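Only one structure is covered here, and it is reproduced in the block below.
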Amino acid sequence: METDLAAAYERCRELHRRHGRTYYLATRLLPAWKRRHVHALYGFTRYADEIVDRTEDLPPAERAAKLGDWSARFLAGLHGEPVDDPLLPAVLHTIAVFDLDRADFASFLRSMAMDLTVMAYPTYHDLLDYMEGSAAVIGTMMLPILGSSDPAAAREPARQLGFAFQLTNFIRDVAEDLDRGRTYLPDEDLARFDLTREDLLAARTAGRTTPAIRELIRYETARAQAHYLAAAPGIPLLAPASQACMRTAYALYGGILDEVAAQGYDVFARRARVPGRKRAAVAARSLLTRAGTPVLLPGPAPRPAAVPVP
């Protein structure tokens with residue numbers, strides 16, 4: 001049994017190493033005993049995401065059935081039933097060790113199911129409803145593992161950091177999401193800049209942006225920065241041994257916004273990436289930062305009319 005558990009944790013670690021380069025680097029700054037639990041949560045979220053995004057050639061009903069079957073195995077495991085799965089034993093063990101809130105996992109699976117049928121979001125409120133499960137609950141899942149001197153005060157910043165990371169991904173991955181038939185930039189935001197989904201598709205085909213799309217992406221970047229700003233007070237509240245990890249993740253994900261700005265808010269010319277040399281420097285600087293030091297807002301300097309967090 002212990003061998004199976006170790007293999008499940010290793011499977012989660014490998015998924016994290018292969019697909020979550022930024023967060024995997026940050027996780028290496030955690031104490032060794034915490035890392036495998038973070039890998040387990042990443043493995044859980046990544047595997048569910050792959051069921052949704054790597055089965056696009058299958059009919060919708062079959063994709064939904066695959067996600068439903070895997071979700072059912074997970075829920076059965078939560079109720080103590082034996083689970084035949086390469087990674088779920090690690091996830092279930094981590095949930096038990098830290099007594100994680102089961103409702104967070106149900107919320108996450110609900111959002112993954114939404115990705116099978118919801119291709120666009122009319123308003124930012126609608127998108128926040130999706131991100132509550134796909135992003136905010138990741139922050140609250142992580143908090144007991146990271147540890148905090150004041151878990152109640154750290155909870156909302158942890159949720160906001162989930163929103164910030166997720167919106168950063170949406171900004172960076174506009175082109176890839178269009179290829180999957182999805183648009184995570186709200187319809188009301190497109191309308192604000194006299195844009196339609198067809199305009200985004202045309203820019204994707206051309207491989208370059210337009211002035212209106214640049215302004216849209218600038219607007220969404222300001223919105224992401226508002227979430228980073230709301231998340232910043234939570235990092236100094238984390239256990240000292242966890243702060244270097246989250247400072248690194250905060251700076252590197254936020255650094256994606258720097259790269260988006262540096263390429264003129266053109267998310268179609270190339271995928272924004274933080275250079276490897278800068279990634280290493282950020283990690284080293286985080287290790288040398290005294291615990292409790294406030295974090296700096298990432299990304300380009302926000303305009304005076306930055307978008308407030310709803």
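Residues are named by chain letter and number: chains run A, B, ... in the order of the structure tokens, numbers start at 1 in each chain, and ligands are numbered from 1 in the order shown.
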Nearby residues (only C-alpha atoms) at most 12 Å from Leu41 of chain A, same-chain spacing under 6 positions excluded, as number ranges by chain: A: 8-9, 11-13, 15-16, 20, 23-24, 27, 34-35, 47-48, 87-95, 98, 100, 104-105, 108, 137-143, 145
Which residues come within 6 Å of segment 237-241 of chain A, counting only C-alpha atoms, excluding same-chain residues fewer than 5 positions away, as an MDAnalysis selection string? chainID A and resid 147:149 291
Asn169 of chain A: which residues within 12 Å, counting only C-alpha atoms, same-chain residues fewer than 2 positions away excluded, as JSON, numbers by chain? {"A": [20, 22, 131, 134, 135, 162, 163, 164, 165, 166, 167, 171, 172, 173, 174, 175, 176, 177, 184, 185, 220, 221, 224, 252, 253, 254, 255, 256, 257, 260, 267, 271, 272, 273]}
May I have the residues from that selection written out with C-alpha atoms, as a CSV table (one decimal), in the first residue's frame?
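Produced file part06.csv, reproduced below:
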```
chain,number,residue,atom,x,y,z
A,20,GLY,CA,3.6,23.5,-14.4
A,22,THR,CA,6.6,28.1,-13.1
A,131,MET,CA,-12.9,30.9,-11.5
A,134,SER,CA,-11.1,26.7,-11.2
A,135,ALA,CA,-8.8,29.1,-9.3
A,162,GLY,CA,-5.9,32.1,-7.4
A,163,PHE,CA,-8.0,34.6,-9.4
A,164,ALA,CA,-4.8,36.6,-10.3
A,165,PHE,CA,-2.9,33.5,-11.6
A,166,GLN,CA,-5.9,32.3,-13.5
A,167,LEU,CA,-6.6,35.6,-15.2
A,171,ILE,CA,-4.5,36.8,-20.9
A,172,ARG,CA,-1.4,34.8,-22.0
A,173,ASP,CA,-3.4,32.0,-23.6
A,174,VAL,CA,-6.0,33.9,-25.6
A,175,ALA,CA,-4.8,32.3,-28.8
A,176,GLU,CA,-4.7,28.7,-27.5
A,177,ASP,CA,-8.1,29.0,-25.9
A,184,TYR,CA,-12.4,33.6,-21.4
A,185,LEU,CA,-12.4,37.3,-21.9
A,220,GLU,CA,-7.5,42.8,-18.6
A,221,THR,CA,-4.0,43.2,-17.4
A,224,ALA,CA,-5.4,41.0,-13.1
A,252,LEU,CA,6.9,34.8,-11.9
A,253,TYR,CA,3.2,34.7,-12.7
A,254,GLY,CA,3.1,38.4,-12.4
A,255,GLY,CA,6.1,38.6,-14.6
A,256,ILE,CA,4.0,37.1,-17.4
A,257,LEU,CA,2.1,40.4,-17.4
A,260,VAL,CA,2.7,40.8,-22.3
A,267,VAL,CA,-0.9,38.0,-27.4
A,271,ARG,CA,3.2,33.3,-26.1
A,272,ALA,CA,4.5,35.5,-23.3
A,273,ARG,CA,7.2,33.7,-21.2
```
Residues near Leu30 of chain A, anyone? I mean within 9 Å using only C-alpha atoms, not counting same-chain ones fewer than 6 positions away, as JSON, numbers by chain. {"A": [146, 241, 242, 243, 244, 245]}
Set the distance at 12 Å and use only C-alpha atoms: which residues neighbour Trp70 of chain A once local chain neighbours fewer than 2 positions away are removed? I'd like the list as a list in words.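 Close residues of Trp70 of chain A: Phe44, Tyr47, Ala48, Asp49, Glu50, Ile51, Val52, Arg63, Ala64, Ala65, Lys66, Leu67, Gly68, Ala72, Arg73, Phe74, Leu75, Ala76, Gly77, Val83, Asp84, Asp85, Pro86, Leu87, Leu88, Leu109, Met112 and Ala113 of chain A.
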Atom-to-atom span, atom CA of Thr209 of chain A and atom CA of Ala191 of chain A, Å: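 Distance between the two atoms: 16.5 Å.
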Would you work out the distance separating atom CA of Asp99 of chain A from atom CA of Leu29 of chain A, expressed in Å to one decimal?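 Distance reported for this atom pair: 23.5 Å.
From atom CA of Gly207 of chain A back to atom CA of Asp57 of chain A, the distance works out to 24.7 Å.
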Do a neighbour search on Thr123 of chain A at 8 Å with only C-alpha atoms, toss out local chain neighbours closer than 5 positions, and write the hits as an NGL selection string. :A and (186-189)
Output N, CA, C and O atoms for every residue in that selection, as a PDB file, in the first residue's frame.
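The resulting file, part25.pdb, is shown below:
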```pdb
ATOM      1  N   PRO A 186     -14.477  38.216 -21.070  1.00  0.00           N
ATOM      2  CA  PRO A 186     -15.934  38.382 -21.074  1.00  0.00           C
ATOM      3  C   PRO A 186     -16.452  39.158 -22.282  1.00  0.00           C
ATOM      4  O   PRO A 186     -15.804  40.094 -22.774  1.00  0.00           O
ATOM      5  N   ASP A 187     -17.639  38.773 -22.733  1.00  0.00           N
ATOM      6  CA  ASP A 187     -18.272  39.439 -23.871  1.00  0.00           C
ATOM      7  C   ASP A 187     -18.437  40.936 -23.612  1.00  0.00           C
ATOM      8  O   ASP A 187     -18.275  41.759 -24.521  1.00  0.00           O
ATOM      9  N   GLU A 188     -18.774  41.310 -22.365  1.00  0.00           N
ATOM     10  CA  GLU A 188     -18.975  42.719 -22.070  1.00  0.00           C
ATOM     11  C   GLU A 188     -17.674  43.506 -22.211  1.00  0.00           C
ATOM     12  O   GLU A 188     -17.694  44.691 -22.554  1.00  0.00           O
ATOM     13  N   ASP A 189     -16.536  42.862 -21.980  1.00  0.00           N
ATOM     14  CA  ASP A 189     -15.257  43.535 -22.144  1.00  0.00           C
ATOM     15  C   ASP A 189     -14.930  43.710 -23.625  1.00  0.00           C
ATOM     16  O   ASP A 189     -14.408  44.753 -24.041  1.00  0.00           O
TER      17      ASP A 189
END
```
From a DSSP pass on the backbone, collect the residues of segment 51-141 of chain A flagged as alpha helix (DSSP H) and hand them back as a PyMOL selection string. chain A and resi 51-53+60-78+88-98+102-114+124-131+137-141
Calculated over only C-alpha atoms, which of the candidates A:Thr289, A:Thr205, A:Thr210, A:Gln160 has the smallest distance to Pro233 of chain A?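 Checking each of A:Thr289, A:Thr205, A:Thr210, A:Gln160 against Pro233 of chain A, counting only C-alpha atoms, the winner is A:Gln160.
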